[in-house]
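These notes concern the structure reproduced below.
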Amino acid sequence: MKRRSLLIAASLLAALPLATLAQEREQRELSLEELSAYLNDLGSVETSFTQVNWDNSISTGLLWLKRPGRIRLEYDEPDAGLMMAFGGSLAIFDKKSNQPPERYPVRRTPLWLLLERNVDLTDQKMVVGHGFDGSHTYVEAMDPKRPEYGSIQLRFTSNPTTLKGWVTFDAHGGNTMVALDDFNEDVEIDNQMFNISKMIDELVPEEDR
């Protein structure tokens, strides 16, 4: 099953762009120590993204990340979806609906690794895959105590070290790929952008909460 997952990830993430062939030749495999240090130093990010869903449909949108613990994916039309994580909770909104969002503890989703305050990928019980495909270093990790929560495969370039996207795998073999473009680091992001309660007040009528 794990071999199949890695093959799926490799095929999905083949679309992650590199600027030039020369740049591709300059890529190298990043160690787990280097990747841990990069993630722990990563603060605020604003970027556009392309998402390939489990049914091969494609979505686009804007993503804001503010480590630790905060992420927001705002989907373009016609999806009009919104996913937010804040305060240990993850909420998925359908902005076309008046219904409250679906809510989950972040720790029960594969995104927990990206949002952790302190990332240590050298913990071999957590990492289930690490390698280099000639253009990207990948690392796949999961909660060893809760494999039913799925796993996440993060992808990086090394020149400079940059997060290029990820694939999440659920316990049933489904996968979702996110590729990041126009990656802007150290931007100012208001914490209110991740406030789930505020978004519920804005999108859900009081009688439906």
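Identifiers in the structure tokens: chain A, B, ... in order shown; residue index from 1 per chain; ligand index from 1 in order shown.
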I'd like a table as JSON lines: residues in segment 10-126 of chain A with an atom no more than 7 Å from segment 144-154 of chain A, each row giving the shortest atom pair and its distance in Å to one decimal, only C-alpha atoms counted, sorted by chain and rising residue number.
{"residue": "A:Arg108", "atom": "CA", "partner": "A:Tyr149", "partner_atom": "CA", "distance": 5.4}
{"residue": "A:Thr109", "atom": "CA", "partner": "A:Tyr149", "partner_atom": "CA", "distance": 5.8}
{"residue": "A:Pro110", "atom": "CA", "partner": "A:Ser151", "partner_atom": "CA", "distance": 5.1}
{"residue": "A:Leu111", "atom": "CA", "partner": "A:Ile152", "partner_atom": "CA", "distance": 6.9}
{"residue": "A:Lys125", "atom": "CA", "partner": "A:Pro144", "partner_atom": "CA", "distance": 6.0}
{"residue": "A:Met126", "atom": "CA", "partner": "A:Pro144", "partner_atom": "CA", "distance": 5.6}
Exercise. Per DSSP on the backbone, what are the helix (DSSP H, G or I) residues of segment 10-189 of chain A, as number ranges by chain?
Worked result: A: 10-15, 21-25, 32-41, 106-108, 112-115, 147-149
Problem set entry | All residues 8 Å or closer to segment 78-85 of chain A, only C-alpha atoms, same chain fewer than 5 positions away omitted, as a list in words | Ser59, Gly69, Arg70, Ile71, Arg72, Leu73, Leu90, Ala91, Ile92, Phe93, Asp94, Lys95, Lys96, Val106, Phe194, Asn195 and Ile196 of chain A
Let me see the file: selected residues, N, CA and C atoms, as a JSON list (two decimals), in the first residue's frame.
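After the write, again14.json holds the following:
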[["chain", "number", "residue", "atom", "x", "y", "z"],
["A", 59, "SER", "N", -8.84, 22.12, -8.58],
["A", 59, "SER", "CA", -9.28, 23.35, -7.93],
["A", 59, "SER", "C", -8.09, 24.30, -7.82],
["A", 69, "GLY", "N", 0.43, 26.40, 13.57],
["A", 69, "GLY", "CA", -0.98, 26.19, 13.87],
["A", 69, "GLY", "C", -2.02, 26.82, 12.98],
["A", 70, "ARG", "N", -1.62, 27.68, 12.02],
["A", 70, "ARG", "CA", -2.63, 28.39, 11.25],
["A", 70, "ARG", "C", -2.45, 28.16, 9.75],
["A", 71, "ILE", "N", -3.55, 27.87, 9.08],
["A", 71, "ILE", "CA", -3.55, 27.77, 7.62],
["A", 71, "ILE", "C", -4.94, 28.13, 7.10],
["A", 72, "ARG", "N", -4.98, 28.72, 5.92],
["A", 72, "ARG", "CA", -6.26, 29.07, 5.28],
["A", 72, "ARG", "C", -6.12, 28.81, 3.79],
["A", 73, "LEU", "N", -7.01, 28.00, 3.24],
["A", 73, "LEU", "CA", -7.11, 27.76, 1.81],
["A", 73, "LEU", "C", -8.46, 28.27, 1.34],
["A", 90, "LEU", "N", -9.58, 22.31, 12.77],
["A", 90, "LEU", "CA", -9.66, 22.54, 11.33],
["A", 90, "LEU", "C", -11.12, 22.57, 10.93],
["A", 91, "ALA", "N", -11.50, 23.58, 10.15],
["A", 91, "ALA", "CA", -12.89, 23.75, 9.72],
["A", 91, "ALA", "C", -12.96, 23.84, 8.21],
["A", 92, "ILE", "N", -13.95, 23.17, 7.63],
["A", 92, "ILE", "CA", -14.17, 23.19, 6.19],
["A", 92, "ILE", "C", -15.54, 23.80, 5.93],
["A", 93, "PHE", "N", -15.53, 24.95, 5.25],
["A", 93, "PHE", "CA", -16.75, 25.69, 4.96],
["A", 93, "PHE", "C", -17.16, 25.48, 3.51],
["A", 94, "ASP", "N", -18.46, 25.36, 3.29],
["A", 94, "ASP", "CA", -19.04, 25.46, 1.96],
["A", 94, "ASP", "C", -19.75, 26.82, 1.91],
["A", 95, "LYS", "N", -19.12, 27.79, 1.24],
["A", 95, "LYS", "CA", -19.66, 29.15, 1.28],
["A", 95, "LYS", "C", -20.97, 29.30, 0.51],
["A", 96, "LYS", "N", -21.36, 28.25, -0.23],
["A", 96, "LYS", "CA", -22.66, 28.26, -0.92],
["A", 96, "LYS", "C", -23.77, 27.77, 0.00],
["A", 106, "VAL", "N", -7.02, 19.24, 14.38],
["A", 106, "VAL", "CA", -5.93, 19.24, 13.40],
["A", 106, "VAL", "C", -5.09, 17.98, 13.53],
["A", 194, "PHE", "N", -7.63, 33.61, 10.25],
["A", 194, "PHE", "CA", -7.72, 32.20, 10.62],
["A", 194, "PHE", "C", -8.76, 31.96, 11.71],
["A", 195, "ASN", "N", -9.53, 32.96, 12.05],
["A", 195, "ASN", "CA", -10.48, 32.88, 13.15],
["A", 195, "ASN", "C", -11.74, 32.15, 12.71],
["A", 196, "ILE", "N", -11.87, 30.90, 13.13],
["A", 196, "ILE", "CA", -12.99, 30.06, 12.70],
["A", 196, "ILE", "C", -14.32, 30.61, 13.23]]
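Straight-line separation from atom CA of Gly134 of chain A to atom CA of Leu121 of chain A: 20.8 Å.
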Exercise. In Å, how far is it from atom CA of Asp186 of chain A to atom CA of Leu32 of chain A?
Worked result: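 These two atoms are separated by 22.9 Å.
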